[in-house]
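**Student:** Following this line is protein-v8.pdb, made up of PDB, C-alpha atoms and all ligand atoms:
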```pdb
ATOM      1  CA  MET U   1     -65.717  21.164 -23.437
ATOM      2  CA  GLN U   2     -68.859  19.059 -23.889
ATOM      3  CA  LYS U   3     -68.352  15.757 -25.729
ATOM      4  CA  ILE U   4     -70.897  15.294 -28.496
ATOM      5  CA  GLY U   5     -72.100  11.853 -29.558
ATOM      6  CA  ILE U   6     -74.086  11.492 -32.778
ATOM      7  CA  ILE U   7     -76.109   8.358 -33.504
ATOM      8  CA  GLY U   8     -76.804   8.080 -37.237
ATOM      9  CA  PHE U   9     -74.284   9.466 -39.716
ATOM     10  CA  GLY U  10     -76.552  10.017 -42.707
ATOM     11  CA  ASN U  11     -77.367  13.326 -44.392
ATOM     12  CA  MET U  12     -78.078  15.245 -41.212
ATOM     13  CA  GLY U  13     -75.886  13.460 -38.642
ATOM     14  CA  SER U  14     -72.857  13.953 -40.885
ATOM     15  CA  ALA U  15     -73.841  17.597 -41.533
ATOM     16  CA  ILE U  16     -73.872  18.288 -37.781
ATOM     17  CA  ALA U  17     -70.640  16.366 -37.146
ATOM     18  CA  GLU U  18     -68.795  18.163 -39.953
ATOM     19  CA  GLY U  19     -70.109  21.538 -38.812
ATOM     20  CA  ILE U  20     -69.028  21.241 -35.164
ATOM     21  CA  LYS U  21     -65.965  18.990 -35.286
ATOM     22  CA  LYS U  22     -63.485  21.887 -35.220
ATOM     23  CA  ASP U  23     -65.020  23.219 -32.023
ATOM     24  CA  TYR U  24     -66.221  20.121 -30.116
ATOM     25  CA  PRO U  25     -64.920  16.571 -29.665
ATOM     26  CA  VAL U  26     -67.328  14.440 -31.728
ATOM     27  CA  ILE U  27     -67.933  10.698 -31.627
ATOM     28  CA  VAL U  28     -70.309   8.986 -34.046
ATOM     29  CA  PHE U  29     -71.875   5.637 -34.824
ATOM     30  CA  ASP U  30     -73.942   4.449 -37.770
ATOM     31  CA  LYS U  31     -75.110   0.892 -38.261
ATOM     32  CA  ASP U  32     -74.333   1.324 -41.969
ATOM     33  CA  LYS U  33     -70.518   1.092 -41.843
ATOM     34  CA  SER U  34     -70.102   2.543 -45.346
ATOM     35  CA  LYS U  35     -71.367   5.912 -44.037
ATOM     36  CA  THR U  36     -68.498   6.281 -41.561
ATOM     37  CA  ALA U  37     -65.753   4.694 -43.697
ATOM     38  CA  LYS U  38     -64.122   8.011 -44.624
ATOM     39  CA  ILE U  39     -64.549  10.139 -41.509
ATOM     40  CA  SER U  40     -61.750  12.430 -40.410
ATOM     41  CA  GLY U  41     -61.429  14.558 -37.288
ATOM     42  CA  ILE U  42     -64.300  12.560 -35.776
ATOM     43  CA  LYS U  43     -64.070   9.509 -33.475
ATOM     44  CA  LEU U  44     -65.901   6.331 -34.364
ATOM     45  CA  ALA U  45     -67.718   4.442 -31.605
ATOM     46  CA  GLN U  46     -68.136   0.664 -31.583
ATOM     47  CA  ASN U  47     -71.860   0.802 -30.943
ATOM     48  CA  ASN U  48     -74.642   2.989 -29.561
ATOM     49  CA  ILE U  49     -74.012   2.074 -25.905
ATOM     50  CA  ASP U  50     -70.377   3.070 -26.296
ATOM     51  CA  ILE U  51     -71.411   6.397 -27.831
ATOM     52  CA  VAL U  52     -73.848   7.304 -25.066
ATOM     53  CA  LYS U  53     -71.343   6.390 -22.354
ATOM     54  CA  SER U  54     -68.604   8.533 -23.879
ATOM     55  CA  SER U  55     -70.671  11.673 -24.556
ATOM     56  CA  ASP U  56     -72.216  14.506 -22.537
ATOM     57  CA  ILE U  57     -74.736  15.395 -25.237
ATOM     58  CA  VAL U  58     -76.197  12.651 -27.432
ATOM     59  CA  ILE U  59     -77.708  13.691 -30.753
ATOM     60  CA  LEU U  60     -80.194  11.206 -32.186
ATOM     61  CA  ALA U  61     -80.008  11.555 -35.978
ATOM     62  CA  VAL U  62     -81.794   8.457 -37.238
ATOM     63  CA  LYS U  63     -85.071   8.344 -39.169
ATOM     64  CA  PRO U  64     -88.280   8.681 -37.130
ATOM     65  CA  GLN U  65     -89.212   5.050 -37.915
ATOM     66  CA  ASP U  66     -85.917   3.858 -36.331
ATOM     67  CA  PHE U  67     -86.504   5.700 -33.052
ATOM     68  CA  GLU U  68     -88.460   3.103 -31.113
ATOM     69  CA  LYS U  69     -85.703   0.504 -31.543
ATOM     70  CA  LEU U  70     -82.923   2.972 -30.834
ATOM     71  CA  LEU U  71     -84.516   4.294 -27.614
ATOM     72  CA  GLU U  72     -85.046   0.717 -26.426
ATOM     73  CA  GLU U  73     -81.350   0.013 -27.072
ATOM     74  CA  ILE U  74     -79.928   3.023 -25.173
ATOM     75  CA  LYS U  75     -82.464   3.424 -22.353
ATOM     76  CA  GLY U  76     -80.335   1.665 -19.743
ATOM     77  CA  VAL U  77     -77.311   3.933 -20.165
ATOM     78  CA  VAL U  78     -78.761   7.401 -20.751
ATOM     79  CA  GLU U  79     -78.720   8.471 -17.044
ATOM     80  CA  ASP U  80     -77.561  12.098 -16.832
ATOM     81  CA  LYS U  81     -76.985  12.681 -20.556
ATOM     82  CA  LEU U  82     -78.659  15.488 -22.426
ATOM     83  CA  ILE U  83     -80.579  14.019 -25.358
ATOM     84  CA  VAL U  84     -80.984  16.057 -28.534
ATOM     85  CA  SER U  85     -83.374  14.741 -31.155
ATOM     86  CA  ILE U  86     -83.492  16.087 -34.700
ATOM     87  CA  ALA U  87     -86.181  13.722 -35.970
ATOM     88  CA  ALA U  88     -89.202  15.133 -37.742
ATOM     89  CA  GLY U  89     -92.371  14.510 -35.750
ATOM     90  CA  ILE U  90     -90.872  12.779 -32.717
ATOM     91  CA  THR U  91     -92.001  14.749 -29.682
ATOM     92  CA  THR U  92     -89.968  15.295 -26.540
ATOM     93  CA  SER U  93     -92.666  13.512 -24.513
ATOM     94  CA  TYR U  94     -92.331  10.418 -26.734
ATOM     95  CA  ILE U  95     -88.630  10.271 -25.856
ATOM     96  CA  GLU U  96     -89.130  11.212 -22.190
ATOM     97  CA  THR U  97     -91.591   8.347 -21.751
ATOM     98  CA  ARG U  98     -89.203   5.782 -23.238
ATOM     99  CA  LEU U  99     -86.028   7.120 -21.616
ATOM    100  CA  ASP U 100     -87.421   7.520 -18.097
ATOM    101  CA  LYS U 101     -87.898  11.297 -17.892
ATOM    102  CA  ALA U 102     -84.709  12.112 -19.786
ATOM    103  CA  ARG U 103     -83.731  15.720 -20.418
ATOM    104  CA  VAL U 104     -84.577  16.241 -24.065
ATOM    105  CA  ILE U 105     -84.085  19.076 -26.533
ATOM    106  CA  ARG U 106     -85.905  18.851 -29.852
ATOM    107  CA  VAL U 107     -84.227  20.429 -32.845
ATOM    108  CA  MET U 108     -85.282  20.955 -36.453
ATOM    109  CA  PRO U 109     -82.223  21.722 -38.573
ATOM    110  CA  ASN U 110     -82.071  21.834 -42.368
ATOM    111  CA  LEU U 111     -79.603  20.640 -44.982
ATOM    112  CA  PRO U 112     -77.609  23.916 -45.327
ATOM    113  CA  ALA U 113     -76.406  23.264 -41.761
ATOM    114  CA  LYS U 114     -73.743  21.199 -43.505
ATOM    115  CA  VAL U 115     -72.121  24.415 -44.749
ATOM    116  CA  ARG U 116     -72.972  26.300 -41.548
ATOM    117  CA  LYS U 117     -75.814  28.155 -43.268
ATOM    118  CA  GLY U 118     -78.654  26.196 -41.688
ATOM    119  CA  MET U 119     -81.941  27.344 -40.181
ATOM    120  CA  ILE U 120     -82.231  25.563 -36.863
ATOM    121  CA  CYS U 121     -85.296  25.676 -34.605
ATOM    122  CA  LEU U 122     -85.057  24.407 -31.026
ATOM    123  CA  SER U 123     -87.437  23.727 -28.157
ATOM    124  CA  ARG U 124     -87.050  21.959 -24.828
ATOM    125  CA  GLY U 125     -88.925  19.102 -23.243
ATOM    126  CA  SER U 126     -90.421  19.050 -19.744
ATOM    127  CA  PHE U 127     -87.295  17.887 -17.915
ATOM    128  CA  ALA U 128     -84.511  19.776 -19.715
ATOM    129  CA  HIS U 129     -83.440  23.013 -18.061
ATOM    130  CA  GLU U 130     -83.234  26.449 -19.617
ATOM    131  CA  ASP U 131     -79.399  26.382 -19.466
ATOM    132  CA  GLU U 132     -79.424  23.059 -21.342
ATOM    133  CA  LEU U 133     -81.537  24.597 -24.076
ATOM    134  CA  ASN U 134     -78.942  27.351 -24.266
ATOM    135  CA  LEU U 135     -76.167  24.748 -24.382
ATOM    136  CA  ALA U 136     -77.843  23.070 -27.360
ATOM    137  CA  LYS U 137     -78.428  26.456 -28.969
ATOM    138  CA  ALA U 138     -74.723  27.314 -28.604
ATOM    139  CA  LEU U 139     -73.875  24.017 -30.319
ATOM    140  CA  PHE U 140     -76.224  24.624 -33.238
ATOM    141  CA  ASP U 141     -75.143  28.275 -33.510
ATOM    142  CA  TYR U 142     -72.098  26.813 -35.270
ATOM    143  CA  LEU U 143     -74.374  25.461 -37.972
ATOM    144  CA  GLY U 144     -76.364  28.541 -38.869
ATOM    145  CA  LYS U 145     -79.167  30.721 -37.557
ATOM    146  CA  THR U 146     -80.865  29.349 -34.450
ATOM    147  CA  LEU U 147     -84.362  30.189 -33.240
ATOM    148  CA  LEU U 148     -86.081  29.097 -30.029
ATOM    149  CA  ILE U 149     -89.719  28.160 -30.690
ATOM    150  CA  GLU U 150     -92.538  26.392 -28.866
ATOM    151  CA  GLU U 151     -92.660  22.647 -29.446
ATOM    152  CA  ASN U 152     -96.167  22.933 -30.910
ATOM    153  CA  GLN U 153     -94.610  24.943 -33.779
ATOM    154  CA  MET U 154     -92.033  22.265 -34.618
ATOM    155  CA  ASN U 155     -94.124  20.524 -37.293
ATOM    156  CA  ALA U 156     -94.694  23.885 -38.955
ATOM    157  CA  ALA U 157     -90.961  24.620 -38.845
ATOM    158  CA  THR U 158     -90.338  21.204 -40.407
ATOM    159  CA  ALA U 159     -92.645  22.165 -43.285
ATOM    160  CA  VAL U 160     -91.063  25.591 -43.843
ATOM    161  CA  SER U 161     -87.340  25.460 -43.072
ATOM    162  CA  GLY U 162     -86.820  21.663 -42.977
ATOM    163  CA  SER U 163     -88.518  20.991 -46.314
ATOM    164  CA  GLY U 164     -88.003  24.458 -47.838
ATOM    165  CA  PRO U 165     -84.613  23.632 -49.414
ATOM    166  CA  GLY U 166     -86.196  20.720 -51.300
ATOM    167  CA  PHE U 167     -88.987  22.968 -52.621
ATOM    168  CA  LEU U 168     -86.475  25.561 -53.794
ATOM    169  CA  TYR U 169     -84.205  22.988 -55.463
ATOM    170  CA  ASP U 170     -87.202  21.514 -57.237
ATOM    171  CA  GLN U 171     -88.267  24.889 -58.613
ATOM    172  CA  ILE U 172     -84.825  25.996 -59.847
ATOM    173  CA  GLN U 173     -83.949  22.844 -61.753
ATOM    174  CA  GLY U 174     -82.882  23.783 -65.296
ATOM    175  CA  LYS U 175     -82.777  27.530 -64.523
ATOM    176  CA  THR U 176     -79.712  29.691 -65.327
ATOM    177  CA  LYS U 177     -77.802  31.509 -62.575
ATOM    178  CA  GLU U 178     -79.489  34.799 -63.540
ATOM    179  CA  GLU U 179     -82.939  33.206 -63.503
ATOM    180  CA  ILE U 180     -82.237  31.682 -60.091
ATOM    181  CA  LYS U 181     -81.192  35.098 -58.739
ATOM    182  CA  ASP U 182     -84.526  36.574 -59.832
ATOM    183  CA  TYR U 183     -86.571  33.564 -58.713
ATOM    184  CA  ILE U 184     -85.105  33.523 -55.208
ATOM    185  CA  VAL U 185     -86.748  36.880 -54.412
ATOM    186  CA  SER U 186     -90.261  35.651 -55.237
ATOM    187  CA  PHE U 187     -89.572  32.272 -53.590
ATOM    188  CA  THR U 188     -88.582  34.010 -50.334
ATOM    189  CA  THR U 189     -91.725  36.161 -50.337
ATOM    190  CA  SER U 190     -93.865  33.167 -51.113
ATOM    191  CA  LEU U 191     -92.227  31.013 -48.414
ATOM    192  CA  THR U 192     -92.691  33.857 -45.897
ATOM    193  CA  ASN U 193     -96.412  34.012 -46.703
ATOM    194  CA  SER U 194     -96.671  30.213 -46.543
ATOM    195  CA  ALA U 195     -95.113  30.296 -43.065
ATOM    196  CA  ILE U 196     -97.563  33.007 -41.942
ATOM    197  CA  ASN U 197    -100.450  30.908 -43.333
ATOM    198  CA  ILE U 198     -99.528  28.032 -41.036
ATOM    199  CA  GLY U 199     -99.256  30.139 -37.917
ATOM    200  CA  PHE U 200     -95.891  31.913 -37.670
ATOM    201  CA  SER U 201     -95.747  35.609 -36.884
ATOM    202  CA  LYS U 202     -94.450  37.807 -39.721
ATOM    203  CA  PRO U 203     -90.991  38.453 -38.165
ATOM    204  CA  VAL U 204     -90.442  34.743 -37.476
ATOM    205  CA  ALA U 205     -91.749  33.768 -40.927
ATOM    206  CA  GLU U 206     -89.299  36.219 -42.513
ATOM    207  CA  VAL U 207     -86.341  34.791 -40.612
ATOM    208  CA  LEU U 208     -87.321  31.210 -41.494
ATOM    209  CA  ALA U 209     -87.856  31.981 -45.187
ATOM    210  CA  GLN U 210     -84.865  34.247 -45.753
ATOM    211  CA  THR U 211     -82.421  31.980 -43.932
ATOM    212  CA  THR U 212     -83.780  28.885 -45.707
ATOM    213  CA  ALA U 213     -83.570  30.475 -49.151
ATOM    214  CA  SER U 214     -80.092  31.995 -48.789
ATOM    215  CA  GLY U 215     -78.749  28.897 -47.001
ATOM    216  CA  SER U 216     -80.067  26.567 -49.698
ATOM    217  CA  ILE U 217     -78.288  28.517 -52.435
ATOM    218  CA  ALA U 218     -75.066  28.690 -50.379
ATOM    219  CA  TYR U 219     -75.286  24.907 -49.950
ATOM    220  CA  LEU U 220     -75.433  24.325 -53.712
ATOM    221  CA  GLU U 221     -72.477  26.633 -54.317
ATOM    222  CA  GLN U 222     -70.242  25.329 -51.551
ATOM    223  CA  MET U 223     -71.003  21.649 -52.184
ATOM    224  CA  HIS U 224     -70.789  22.069 -55.982
ATOM    225  CA  LEU U 225     -74.106  20.297 -56.415
ATOM    226  CA  SER U 226     -76.865  20.638 -58.976
ATOM    227  CA  PRO U 227     -80.384  21.371 -57.613
ATOM    228  CA  GLU U 228     -81.354  17.798 -58.665
ATOM    229  CA  GLU U 229     -78.548  16.277 -56.580
ATOM    230  CA  ALA U 230     -79.291  18.448 -53.550
ATOM    231  CA  LYS U 231     -83.023  17.734 -53.765
ATOM    232  CA  LYS U 232     -82.331  14.007 -53.378
ATOM    233  CA  GLN U 233     -80.612  14.701 -50.056
ATOM    234  CA  VAL U 234     -83.686  16.358 -48.544
ATOM    235  CA  ALA U 235     -86.550  14.463 -50.096
ATOM    236  CA  SER U 236     -86.518  11.165 -48.239
ATOM    237  CA  LYS U 237     -89.176   8.602 -49.106
ATOM    238  CA  GLY U 238     -92.441   9.126 -47.275
ATOM    239  CA  GLY U 239     -91.118  12.325 -45.683
ATOM    240  CA  THR U 240     -92.459  15.851 -45.394
ATOM    241  CA  THR U 241     -90.528  17.250 -48.371
ATOM    242  CA  GLU U 242     -91.761  14.470 -50.636
ATOM    243  CA  ALA U 243     -95.359  15.218 -49.606
ATOM    244  CA  GLY U 244     -94.900  18.881 -50.545
ATOM    245  CA  LEU U 245     -93.140  18.060 -53.812
ATOM    246  CA  GLU U 246     -96.083  15.898 -54.890
ATOM    247  CA  VAL U 247     -98.316  18.951 -54.552
ATOM    248  CA  LEU U 248     -95.905  21.172 -56.504
ATOM    249  CA  HIS U 249     -95.677  18.589 -59.291
ATOM    250  CA  LYS U 250     -99.448  18.565 -59.614
ATOM    251  CA  GLY U 251     -99.345  22.321 -60.180
ATOM    252  CA  GLY U 252    -100.057  23.348 -56.586
ATOM    253  CA  SER U 253     -98.668  26.551 -55.055
ATOM    254  CA  LEU U 254     -95.765  26.733 -52.606
ATOM    255  CA  SER U 255     -98.231  27.540 -49.839
ATOM    256  CA  GLU U 256    -100.190  24.362 -50.639
ATOM    257  CA  ALA U 257     -96.937  22.380 -50.688
ATOM    258  CA  VAL U 258     -95.975  23.735 -47.271
ATOM    259  CA  LYS U 259     -99.427  22.795 -45.941
ATOM    260  CA  ALA U 260     -99.013  19.261 -47.347
ATOM    261  CA  ALA U 261     -95.590  19.001 -45.676
ATOM    262  CA  LEU U 262     -97.164  20.151 -42.397
ATOM    263  CA  ARG U 263     -99.905  17.512 -42.684
ATOM    264  CA  ARG U 264     -97.252  14.858 -43.327
ATOM    265  CA  ALA U 265     -95.253  16.032 -40.296
ATOM    266  CA  GLN U 266     -98.428  15.745 -38.209
ATOM    267  CA  GLU U 267     -99.103  12.245 -39.576
ATOM    268  CA  LEU U 268     -95.532  11.203 -38.729
ATOM    269  CA  SER U 269     -95.784  12.687 -35.244
ATOM    270  CA  LYS U 270     -95.281  10.400 -32.324
ATOM    271  CA  SER U 271     -96.051  11.755 -28.900
TER     272      SER U 271
HETATM  273  N1  LIG U 301     -82.424  15.229 -44.380
HETATM  274  C1  LIG U 301     -82.874  16.394 -43.959
HETATM  275  O1  LIG U 301     -82.826  17.407 -44.673
HETATM  276  C2  LIG U 301     -83.431  16.545 -42.568
HETATM  277  C3  LIG U 301     -83.812  17.834 -42.115
HETATM  278  C4  LIG U 301     -84.274  17.966 -40.796
HETATM  279  C5  LIG U 301     -84.380  16.857 -39.956
HETATM  280  N2  LIG U 301     -84.038  15.629 -40.443
HETATM  281  C6  LIG U 301     -84.173  14.484 -39.529
HETATM  282  O2  LIG U 301     -82.899  13.924 -39.355
HETATM  283  C7  LIG U 301     -82.999  12.526 -39.125
HETATM  284  C8  LIG U 301     -82.019  11.801 -40.030
HETATM  285  O3  LIG U 301     -82.353  12.096 -41.385
HETATM  286  P1  LIG U 301     -81.302  11.804 -42.522
HETATM  287  O4  LIG U 301     -81.861  12.385 -43.775
HETATM  288  O5  LIG U 301     -79.934  12.201 -42.062
HETATM  289  O6  LIG U 301     -81.410  10.204 -42.560
HETATM  290  P2  LIG U 301     -80.374   9.137 -43.181
HETATM  291  O7  LIG U 301     -79.543   9.814 -44.230
HETATM  292  O8  LIG U 301     -81.145   7.926 -43.527
HETATM  293  O9  LIG U 301     -79.410   8.811 -41.958
HETATM  294  C9  LIG U 301     -79.776   8.030 -40.846
HETATM  295  C10 LIG U 301     -78.674   7.014 -40.617
HETATM  296  O10 LIG U 301     -78.905   6.382 -39.364
HETATM  297  C11 LIG U 301     -78.644   4.983 -39.509
HETATM  298  N3  LIG U 301     -79.323   4.275 -38.427
HETATM  299  C12 LIG U 301     -80.610   3.842 -38.365
HETATM  300  N4  LIG U 301     -80.848   3.234 -37.197
HETATM  301  C13 LIG U 301     -79.686   3.285 -36.484
HETATM  302  C14 LIG U 301     -79.310   2.836 -35.211
HETATM  303  N5  LIG U 301     -80.159   2.201 -34.395
HETATM  304  N6  LIG U 301     -78.029   3.047 -34.800
HETATM  305  C15 LIG U 301     -77.154   3.683 -35.618
HETATM  306  N7  LIG U 301     -77.448   4.126 -36.846
HETATM  307  C16 LIG U 301     -78.708   3.935 -37.278
HETATM  308  C17 LIG U 301     -79.169   4.688 -40.882
HETATM  309  O11 LIG U 301     -78.666   3.448 -41.362
HETATM  310  P3  LIG U 301     -79.555   2.605 -42.439
HETATM  311  O12 LIG U 301     -79.600   3.472 -43.669
HETATM  312  O13 LIG U 301     -78.781   1.336 -42.609
HETATM  313  O14 LIG U 301     -80.913   2.427 -41.821
HETATM  314  C18 LIG U 301     -78.652   5.881 -41.676
HETATM  315  O15 LIG U 301     -77.322   5.667 -42.114
HETATM  316  C19 LIG U 301     -84.446  12.124 -39.413
HETATM  317  O16 LIG U 301     -85.098  11.812 -38.212
HETATM  318  C20 LIG U 301     -85.041  13.347 -40.089
HETATM  319  O17 LIG U 301     -86.387  13.522 -39.714
HETATM  320  C21 LIG U 301     -83.551  15.446 -41.709
END
```
Take the structure in the file and write it out as structure tokens.
Ligand SMILES: NC(=O)c1ccc[n+]([C@@H]2O[C@H](COP(=O)([O-])OP(=O)(O)OC[C@H]3O[C@@H](n4cnc5c(N)ncnc54)[C@H](OP(=O)(O)O)[C@@H]3O)[C@@H](O)[C@H]2O)c1

**Tutor:**
Amino acid sequence: MQKIGIIGFGNMGSAIAEGIKKDYPVIVFDKDKSKTAKISGIKLAQNNIDIVKSSDIVILAVKPQDFEKLLEEIKGVVEDKLIVSIAAGITTSYIETRLDKARVIRVMPNLPAKVRKGMICLSRGSFAHEDELNLAKALFDYLGKTLLIEENQMNAATAVSGSGPGFLYDQIQGKTKEEIKDYIVSFTTSLTNSAINIGFSKPVAEVLAQTTASGSIAYLEQMHLSPEEAKKQVASKGGTTEAGLEVLHKGGSLSEAVKAALRRAQELSKS
């Protein structure tokens, strides 16, 4: 069984760890000790070097702005490890350059992965093999619906399925359960069209939108959260969701919000 190391135990790192810990041995490290104070069923590493050395697959789950420093820190010990990055906008070539042609898989999960109802898009870098992409896919299959896409579609996936939960939570604040049930139908149609507008084929857009919408609602129910509370977990400062929310709050459409999130993902991109 592959040993999985996760660097960064925030919203997404913890979601992945919790989702796979029954099926894989998981070891984590976060520089903020309060994040890992209450872990159970997961091993805690002493530092990032320790984590890379003791894992077969290393998942990088820190913010895009923390990547440069992190890659510098682990570059001497990566060797034969498979690197999985979930960061918005960080390209596989950016990592390959800094980690000496490492085998990299880029993944865009979303928050509902925490309750195994995520929408997870994956693509592989130039040095990772097809079977390693499948290995990563098998891992993320535990966390929801997986979809293999081209890397040049990753920013668009970030805008649709990565930020989609935040857009939905924003729009259902203060609505009753019945109202939410009705709204979700039009939201899904609208998100599908938004995804088509930024380049996805209709079948792919439908999968992204339907899985994002149903997963986001399942997340609220299973985590016993209000839409306001859940929105805070997706809308990080300066991120793609926040950029889309600004548009929605100014009266823009969902499609315009998705386009704003895409632009932000492109701005954040590091290749
Ligand atoms: N949240 C989402 O819905 C979502 C969806 C798709 C993809 N993502 C991607 O997932 C990544 C993580 O997002 P997140 O929302 O989970 O962020 P987060 O909650 O801020 O978690 C990141 C954690 O990593 C820690 N960290 C930073 N540098 C580190 C280092 N060198 N070594 C160990 N730990 C370090 C941070 O500590 P400090 O707080 O002390 O810096 C923080 O606790 C991002 O790249 C984001 O683009 C997020």

**Student:** Is it possible to get the axis-aligned box enclosing ligand LIG 301 (chain U) (all listed atoms, 6 Å extra per side) as AutoDock Vina command-line options, with centre and edge lengths in Å rounded to one decimal?

**Tutor:**
```
--center_x -81.8 --center_y 9.7 --center_z -39.5 --size_x 21.2 --size_y 28.6 --size_z 22.3
```

**Student:** The PyMOL selection byres (((not hetatm)) within 9 of (chain U and resi 301)) - which residues does that actually catch in the file I just gave you? List them as a PDB file with C-alpha atoms, in the coordinates of the input.

**Tutor:**
```
ATOM      1  CA  ILE U   6     -74.086  11.492 -32.778  1.00  0.00           C
ATOM      2  CA  ILE U   7     -76.109   8.358 -33.504  1.00  0.00           C
ATOM      3  CA  GLY U   8     -76.804   8.080 -37.237  1.00  0.00           C
ATOM      4  CA  PHE U   9     -74.284   9.466 -39.716  1.00  0.00           C
ATOM      5  CA  GLY U  10     -76.552  10.017 -42.707  1.00  0.00           C
ATOM      6  CA  ASN U  11     -77.367  13.326 -44.392  1.00  0.00           C
ATOM      7  CA  MET U  12     -78.078  15.245 -41.212  1.00  0.00           C
ATOM      8  CA  GLY U  13     -75.886  13.460 -38.642  1.00  0.00           C
ATOM      9  CA  SER U  14     -72.857  13.953 -40.885  1.00  0.00           C
ATOM     10  CA  ALA U  15     -73.841  17.597 -41.533  1.00  0.00           C
ATOM     11  CA  VAL U  28     -70.309   8.986 -34.046  1.00  0.00           C
ATOM     12  CA  PHE U  29     -71.875   5.637 -34.824  1.00  0.00           C
ATOM     13  CA  ASP U  30     -73.942   4.449 -37.770  1.00  0.00           C
ATOM     14  CA  LYS U  31     -75.110   0.892 -38.261  1.00  0.00           C
ATOM     15  CA  ASP U  32     -74.333   1.324 -41.969  1.00  0.00           C
ATOM     16  CA  LYS U  33     -70.518   1.092 -41.843  1.00  0.00           C
ATOM     17  CA  SER U  34     -70.102   2.543 -45.346  1.00  0.00           C
ATOM     18  CA  LYS U  35     -71.367   5.912 -44.037  1.00  0.00           C
ATOM     19  CA  THR U  36     -68.498   6.281 -41.561  1.00  0.00           C
ATOM     20  CA  ASN U  47     -71.860   0.802 -30.943  1.00  0.00           C
ATOM     21  CA  ASN U  48     -74.642   2.989 -29.561  1.00  0.00           C
ATOM     22  CA  LEU U  60     -80.194  11.206 -32.186  1.00  0.00           C
ATOM     23  CA  ALA U  61     -80.008  11.555 -35.978  1.00  0.00           C
ATOM     24  CA  VAL U  62     -81.794   8.457 -37.238  1.00  0.00           C
ATOM     25  CA  LYS U  63     -85.071   8.344 -39.169  1.00  0.00           C
ATOM     26  CA  PRO U  64     -88.280   8.681 -37.130  1.00  0.00           C
ATOM     27  CA  GLN U  65     -89.212   5.050 -37.915  1.00  0.00           C
ATOM     28  CA  ASP U  66     -85.917   3.858 -36.331  1.00  0.00           C
ATOM     29  CA  PHE U  67     -86.504   5.700 -33.052  1.00  0.00           C
ATOM     30  CA  GLU U  68     -88.460   3.103 -31.113  1.00  0.00           C
ATOM     31  CA  LYS U  69     -85.703   0.504 -31.543  1.00  0.00           C
ATOM     32  CA  LEU U  70     -82.923   2.972 -30.834  1.00  0.00           C
ATOM     33  CA  LEU U  71     -84.516   4.294 -27.614  1.00  0.00           C
ATOM     34  CA  GLU U  73     -81.350   0.013 -27.072  1.00  0.00           C
ATOM     35  CA  SER U  85     -83.374  14.741 -31.155  1.00  0.00           C
ATOM     36  CA  ILE U  86     -83.492  16.087 -34.700  1.00  0.00           C
ATOM     37  CA  ALA U  87     -86.181  13.722 -35.970  1.00  0.00           C
ATOM     38  CA  ALA U  88     -89.202  15.133 -37.742  1.00  0.00           C
ATOM     39  CA  GLY U  89     -92.371  14.510 -35.750  1.00  0.00           C
ATOM     40  CA  ILE U  90     -90.872  12.779 -32.717  1.00  0.00           C
ATOM     41  CA  VAL U 107     -84.227  20.429 -32.845  1.00  0.00           C
ATOM     42  CA  MET U 108     -85.282  20.955 -36.453  1.00  0.00           C
ATOM     43  CA  PRO U 109     -82.223  21.722 -38.573  1.00  0.00           C
ATOM     44  CA  ASN U 110     -82.071  21.834 -42.368  1.00  0.00           C
ATOM     45  CA  LEU U 111     -79.603  20.640 -44.982  1.00  0.00           C
ATOM     46  CA  PRO U 112     -77.609  23.916 -45.327  1.00  0.00           C
ATOM     47  CA  ILE U 120     -82.231  25.563 -36.863  1.00  0.00           C
ATOM     48  CA  THR U 158     -90.338  21.204 -40.407  1.00  0.00           C
ATOM     49  CA  SER U 161     -87.340  25.460 -43.072  1.00  0.00           C
ATOM     50  CA  GLY U 162     -86.820  21.663 -42.977  1.00  0.00           C
ATOM     51  CA  SER U 163     -88.518  20.991 -46.314  1.00  0.00           C
ATOM     52  CA  PRO U 165     -84.613  23.632 -49.414  1.00  0.00           C
ATOM     53  CA  GLY U 166     -86.196  20.720 -51.300  1.00  0.00           C
ATOM     54  CA  GLN U 233     -80.612  14.701 -50.056  1.00  0.00           C
ATOM     55  CA  VAL U 234     -83.686  16.358 -48.544  1.00  0.00           C
ATOM     56  CA  ALA U 235     -86.550  14.463 -50.096  1.00  0.00           C
ATOM     57  CA  SER U 236     -86.518  11.165 -48.239  1.00  0.00           C
ATOM     58  CA  GLY U 239     -91.118  12.325 -45.683  1.00  0.00           C
ATOM     59  CA  THR U 240     -92.459  15.851 -45.394  1.00  0.00           C
ATOM     60  CA  THR U 241     -90.528  17.250 -48.371  1.00  0.00           C
TER      61      THR U 241
END
```

**Student:** With all atoms listed in the file as the basis for distance, which of U:Asn155, U:Gln46, U:Ser93, U:Gln171 is at the shortest distance from U:Arg264?

**Tutor:**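 Looking only at the distances to U:Arg264, the closest residue turns out to be U:Asn155.
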
**Student:** Which of these, U:Ile59, U:Cys121, U:Ile184, U:Leu220, has the shortest distance to U:Ala159 once you count only C-alpha atoms?

**Tutor:**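 Between U:Ile59, U:Cys121, U:Ile184, U:Leu220, the residue approaching U:Ala159 most closely is U:Cys121.
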
**Student:** Pull out every residue that the PyMOL selection byres (((chain U and resi 243-247) around 9) and not hetatm) matches in the shown coordinates and put them as a list in words.

**Tutor:**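 After applying the PyMOL selection byres (((chain U and resi 243-247) around 9) and not hetatm), what remains is Ala159, Ser163, Gly166, Phe167, Asp170, Ala235, Gly238, Gly239, Thr240, Thr241, Glu242, Leu248, His249, Lys250, Gly251, Gly252, Ser253, Leu254, Glu256, Ala257, Val258, Lys259, Ala260, Ala261, Leu262, Arg263 and Arg264 of chain U.
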
**Student:** Counting only C-alpha atoms, figure out which residue out of U:Leu147, U:Leu268, U:Ala102, U:Ala113 gets nearest to U:Lys75.

**Tutor:**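 Smallest distance to U:Lys75 is found for U:Ala102.
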